[in-house]
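Chemist: Below you'll find protein_16.pdb; it's PDB, C-alpha atoms, pLDDT in the B column.
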```
ATOM      1  CA  VAL A   1       0.000   0.000   0.000  1.00 89.00           C
ATOM      2  CA  GLN A   2       1.286   3.457  -0.909  1.00 95.00           C
ATOM      3  CA  LEU A   3      -0.085   6.862   0.023  1.00 97.00           C
ATOM      4  CA  GLN A   4       0.409   9.945  -2.137  1.00 96.00           C
ATOM      5  CA  ALA A   5      -0.480  13.312  -0.638  1.00 97.00           C
ATOM      6  CA  SER A   6      -1.020  16.473  -2.656  1.00 97.00           C
ATOM      7  CA  GLY A   7      -2.720  19.847  -2.578  1.00 98.00           C
ATOM      8  CA  GLY A   8      -0.557  21.898  -0.263  1.00 97.00           C
ATOM      9  CA  GLY A   9       0.363  25.486  -0.956  1.00 97.00           C
ATOM     10  CA  LEU A  10       0.664  29.052   0.269  1.00 98.00           C
ATOM     11  CA  VAL A  11      -2.582  30.714   1.336  1.00 98.00           C
ATOM     12  CA  GLN A  12      -3.695  33.646   3.445  1.00 98.00           C
ATOM     13  CA  THR A  13      -5.417  33.636   6.808  1.00 98.00           C
ATOM     14  CA  GLY A  14      -9.066  32.730   6.400  1.00 98.00           C
ATOM     15  CA  ASP A  15      -8.586  30.928   3.095  1.00 98.00           C
ATOM     16  CA  SER A  16      -9.542  27.339   2.326  1.00 98.00           C
ATOM     17  CA  LEU A  17      -7.487  24.477   0.925  1.00 98.00           C
ATOM     18  CA  ILE A  18      -8.175  20.852   0.094  1.00 98.00           C
ATOM     19  CA  LEU A  19      -5.553  18.146   0.515  1.00 98.00           C
ATOM     20  CA  SER A  20      -5.839  14.794  -1.222  1.00 98.00           C
ATOM     21  CA  CYS A  21      -4.313  11.436  -0.389  1.00 98.00           C
ATOM     22  CA  ALA A  22      -4.437   8.824  -3.135  1.00 97.00           C
ATOM     23  CA  VAL A  23      -4.123   5.252  -1.925  1.00 96.00           C
ATOM     24  CA  SER A  24      -2.726   2.469  -4.073  1.00 95.00           C
ATOM     25  CA  GLY A  25      -3.084  -1.162  -3.115  1.00 92.00           C
ATOM     26  CA  ARG A  26      -5.714  -2.910  -1.039  1.00 91.00           C
ATOM     27  CA  ILE A  27      -7.525  -1.031   1.710  1.00 90.00           C
ATOM     28  CA  PHE A  28      -9.387  -2.938   4.396  1.00 92.00           C
ATOM     29  CA  SER A  29     -12.716  -1.589   5.601  1.00 93.00           C
ATOM     30  CA  SER A  30     -11.495  -1.639   9.186  1.00 94.00           C
ATOM     31  CA  TRP A  31      -8.564   0.623   8.434  1.00 95.00           C
ATOM     32  CA  SER A  32      -8.213   4.159   9.669  1.00 97.00           C
ATOM     33  CA  LEU A  33      -6.937   6.783   7.242  1.00 97.00           C
ATOM     34  CA  GLY A  34      -5.783  10.022   8.740  1.00 97.00           C
ATOM     35  CA  TRP A  35      -3.856  13.250   8.522  1.00 98.00           C
ATOM     36  CA  VAL A  36      -1.025  14.213  10.824  1.00 98.00           C
ATOM     37  CA  ARG A  37       0.881  17.489  10.673  1.00 98.00           C
ATOM     38  CA  GLN A  38       4.212  18.795  11.869  1.00 98.00           C
ATOM     39  CA  GLY A  39       4.717  22.515  12.217  1.00 97.00           C
ATOM     40  CA  PRO A  40       8.116  24.217  12.305  1.00 94.00           C
ATOM     41  CA  GLY A  41       9.836  23.321  15.534  1.00 95.00           C
ATOM     42  CA  LYS A  42       6.873  21.295  16.733  1.00 96.00           C
ATOM     43  CA  ASP A  43       6.110  17.627  17.329  1.00 97.00           C
ATOM     44  CA  ARG A  44       3.838  15.713  15.011  1.00 96.00           C
ATOM     45  CA  GLU A  45       0.186  16.396  15.761  1.00 97.00           C
ATOM     46  CA  PHE A  46      -2.840  14.295  14.927  1.00 98.00           C
ATOM     47  CA  VAL A  47      -5.351  16.226  12.810  1.00 98.00           C
ATOM     48  CA  ALA A  48      -8.208  14.022  11.607  1.00 98.00           C
ATOM     49  CA  ASN A  49      -9.174  10.431  10.881  1.00 98.00           C
ATOM     50  CA  VAL A  50     -11.796   8.537   8.896  1.00 97.00           C
ATOM     51  CA  ARG A  51     -12.683   4.865   9.119  1.00 96.00           C
ATOM     52  CA  TRP A  52     -12.477   3.541   5.593  1.00 95.00           C
ATOM     53  CA  GLY A  53     -15.505   1.266   5.725  1.00 93.00           C
ATOM     54  CA  ALA A  54     -17.926   3.104   8.016  1.00 94.00           C
ATOM     55  CA  GLY A  55     -16.838   6.628   7.175  1.00 94.00           C
ATOM     56  CA  THR A  56     -16.877   7.721  10.794  1.00 96.00           C
ATOM     57  CA  THR A  57     -14.654  10.686  11.502  1.00 97.00           C
ATOM     58  CA  TYR A  58     -12.625  12.049  14.383  1.00 97.00           C
ATOM     59  CA  TYR A  59     -10.859  15.390  14.777  1.00 98.00           C
ATOM     60  CA  SER A  60      -8.387  17.054  17.052  1.00 98.00           C
ATOM     61  CA  ALA A  61      -9.774  19.889  19.117  1.00 98.00           C
ATOM     62  CA  SER A  62      -7.596  22.400  17.300  1.00 97.00           C
ATOM     63  CA  VAL A  63      -9.238  21.779  13.917  1.00 98.00           C
ATOM     64  CA  LYS A  64     -12.739  20.559  14.793  1.00 98.00           C
ATOM     65  CA  GLY A  65     -15.311  22.747  13.123  1.00 98.00           C
ATOM     66  CA  ARG A  66     -12.823  24.087  10.560  1.00 98.00           C
ATOM     67  CA  PHE A  67     -11.485  20.931   8.886  1.00 98.00           C
ATOM     68  CA  THR A  68     -13.461  18.133   7.248  1.00 98.00           C
ATOM     69  CA  ILE A  69     -12.069  14.717   6.397  1.00 98.00           C
ATOM     70  CA  SER A  70     -13.799  12.503   3.860  1.00 97.00           C
ATOM     71  CA  ARG A  71     -13.075   9.561   1.611  1.00 96.00           C
ATOM     72  CA  ASP A  72     -14.092   8.492  -1.862  1.00 95.00           C
ATOM     73  CA  SER A  73     -14.084   4.715  -1.966  1.00 93.00           C
ATOM     74  CA  GLY A  74     -14.289   4.550  -5.746  1.00 94.00           C
ATOM     75  CA  LYS A  75     -11.270   6.804  -6.205  1.00 96.00           C
ATOM     76  CA  LYS A  76      -9.485   5.351  -3.153  1.00 96.00           C
ATOM     77  CA  THR A  77      -8.752   8.872  -2.015  1.00 97.00           C
ATOM     78  CA  VAL A  78      -8.963  10.648   1.308  1.00 98.00           C
ATOM     79  CA  TYR A  79      -9.552  14.393   1.414  1.00 98.00           C
ATOM     80  CA  LEU A  80      -8.943  17.019   4.040  1.00 98.00           C
ATOM     81  CA  ARG A  81     -10.868  20.219   3.470  1.00 98.00           C
ATOM     82  CA  MET A  82      -9.399  23.019   5.561  1.00 98.00           C
ATOM     83  CA  ASP A  83     -11.479  26.166   6.065  1.00 98.00           C
ATOM     84  CA  ARG A  84     -10.748  29.381   7.970  1.00 98.00           C
ATOM     85  CA  LEU A  85      -7.051  28.618   7.954  1.00 98.00           C
ATOM     86  CA  LYS A  86      -4.825  30.232  10.559  1.00 98.00           C
ATOM     87  CA  PRO A  87      -1.067  30.850  10.623  1.00 97.00           C
ATOM     88  CA  GLU A  88      -0.775  28.176  13.302  1.00 97.00           C
ATOM     89  CA  ASP A  89      -2.041  25.636  10.764  1.00 98.00           C
ATOM     90  CA  THR A  90       1.246  26.056   8.899  1.00 98.00           C
ATOM     91  CA  ALA A  91       2.855  22.619   8.763  1.00 98.00           C
ATOM     92  CA  VAL A  92       3.828  19.684   6.638  1.00 98.00           C
ATOM     93  CA  TYR A  93       0.732  17.521   6.382  1.00 98.00           C
ATOM     94  CA  TYR A  94       1.120  13.762   6.110  1.00 98.00           C
ATOM     95  CA  CYS A  95      -1.513  11.211   5.234  1.00 97.00           C
ATOM     96  CA  ALA A  96      -1.263   7.904   7.022  1.00 97.00           C
ATOM     97  CA  ALA A  97      -3.043   4.583   7.445  1.00 97.00           C
ATOM     98  CA  GLY A  98      -3.300   1.917  10.070  1.00 95.00           C
ATOM     99  CA  THR A  99      -5.604  -0.296  12.067  1.00 93.00           C
ATOM    100  CA  GLN A 100      -6.126   2.213  14.875  1.00 91.00           C
ATOM    101  CA  ILE A 101      -6.716   5.931  15.011  1.00 91.00           C
ATOM    102  CA  ASN A 102      -3.419   7.779  15.410  1.00 88.00           C
ATOM    103  CA  GLU A 103      -1.459   4.529  15.492  1.00 92.00           C
ATOM    104  CA  TYR A 104      -0.516   4.615  11.855  1.00 95.00           C
ATOM    105  CA  THR A 105       1.928   2.206  10.300  1.00 94.00           C
ATOM    106  CA  LEU A 106       1.858   3.425   6.708  1.00 96.00           C
ATOM    107  CA  TRP A 107       2.863   6.948   5.754  1.00 97.00           C
ATOM    108  CA  GLY A 108       2.828   9.035   2.640  1.00 95.00           C
ATOM    109  CA  GLN A 109       5.175  11.877   1.857  1.00 94.00           C
ATOM    110  CA  GLY A 110       4.223  15.238   3.285  1.00 94.00           C
ATOM    111  CA  THR A 111       2.685  18.224   1.585  1.00 98.00           C
ATOM    112  CA  GLN A 112       3.516  21.730   2.805  1.00 98.00           C
ATOM    113  CA  VAL A 113       0.761  24.085   3.874  1.00 98.00           C
ATOM    114  CA  THR A 114       1.773  27.653   4.663  1.00 98.00           C
ATOM    115  CA  VAL A 115      -0.728  30.177   5.968  1.00 98.00           C
ATOM    116  CA  SER A 116       0.397  33.791   5.887  1.00 97.00           C
ATOM    117  CA  SER A 117      -0.984  36.370   8.283  1.00 92.00           C
TER     118      SER A 117
END
```
Written as structure tokens, that's how I'd like the structure from this file.
Modeler:
Amino acid sequence: VQLQASGGGLVQTGDSLILSCAVSGRIFSSWSLGWVRQGPGKDREFVANVRWGAGTTYYSASVKGRFTISRDSGKKTVYLRMDRLKPEDTAVYYCAAGTQINEYTLWGQGTQVTVSS
């Protein structure tokens, strides 16, 4: 299984951005697909997760209400829609997969998101 993240860029405070994570290989319905970010000088931080089969979602407190995670089973892609972006959302965003939320064993490459004030 390989994960390919895309969609990062430079935006202004309050803007929106959509990240995509294309998954190649077999995905099990019980798997969790998520996004984790790492800001400059910060530790990695869980952002959001979706259960592949059920579609149930989970968010960190820092993004709940602003970010939306979703998946398209036909396209085998996970999306992260980010609204009302803030400078503190600046980070490299990684998509990841595993059997448990925030216990990911498969990682894609990161995509840089920079939010200017």
Chemist: Which residues come within 10 Å of Leu33 of chain A, counting all atoms listed in the file, excluding same-chain residues fewer than 3 positions away, as a ChimeraX atom specification?
Modeler: /A:3,21,23,27,30,48-52,55,57,69-71,77-79,95-102,104,106-107
Chemist: Spell out the residues picked by the PyMOL selection byres ((chain A and resi 26) around 10) here, as a list in words.
Modeler: Val1, Gln2, Val23, Ser24, Gly25, Ile27, Phe28, Ser29 and Lys76 of chain A
Chemist: Output C-alpha atoms for every residue in the selection just made, as a PDB file, keeping the file's coordinate frame.
Modeler:
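Generated output (out.pdb):
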```
ATOM      1  CA  VAL A   1       0.000   0.000   0.000  1.00 89.00           C
ATOM      2  CA  GLN A   2       1.286   3.457  -0.909  1.00 95.00           C
ATOM      3  CA  VAL A  23      -4.123   5.252  -1.925  1.00 96.00           C
ATOM      4  CA  SER A  24      -2.726   2.469  -4.073  1.00 95.00           C
ATOM      5  CA  GLY A  25      -3.084  -1.162  -3.115  1.00 92.00           C
ATOM      6  CA  ILE A  27      -7.525  -1.031   1.710  1.00 90.00           C
ATOM      7  CA  PHE A  28      -9.387  -2.938   4.396  1.00 92.00           C
ATOM      8  CA  SER A  29     -12.716  -1.589   5.601  1.00 93.00           C
ATOM      9  CA  LYS A  76      -9.485   5.351  -3.153  1.00 96.00           C
TER      10      LYS A  76
END
```
Chemist: Given the file shown, determine the residues that the PyMOL selection byres ((chain A and resi 62) around 10) selects; report them as a count of residues only.
Modeler: 13
Chemist: Just the number, please: distance in Å from atom CA of Gly41 of chain A to atom CA of Thr68 of chain A, one decimal.
Modeler: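 Distance reported for this atom pair: 25.3 Å.
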Chemist: In Å, rounded to a single decimal, give me how far atom CA of Ala5 of chain A is from atom CA of Leu19 of chain A.
Modeler: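 The value is 7.1 Å.
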Chemist: Would you compute the distance between atom CA of Gly39 of chain A and atom CA of Thr56 of chain A? Give it in Å to one decimal.
Modeler: 26.2 Å
Chemist: Under the rule that only C-alpha atoms are counted, which of A:Val115, A:Ala54, A:Val36, A:Leu80 is the nearest residue to Ser20 of chain A?
Modeler: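 The closest residue to Ser20 of chain A is A:Leu80.
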Chemist: I need the residue nearest Thr114 of chain A from this list: A:Thr13, A:Ala22, A:Tyr58, A:Asp43. Use only C-alpha atoms for the distance.
Modeler: A:Thr13
Chemist: Once the PyMOL selection byres ((chain A and resi 92) around 7) has been evaluated on this model, what residues remain selected, and can you format them as a PyMOL selection string?
Modeler: chain A and resi 37-39+91+93-94+110-113
Chemist: Choose the residue, out of A:Glu103, A:Lys42, A:Gln4, A:Val11, that has the smallest atom-to-atom separation from Asp83 of chain A; count only C-alpha atoms.
Modeler: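 Ranking A:Glu103, A:Lys42, A:Gln4, A:Val11 by distance to Asp83 of chain A, first place goes to A:Val11.
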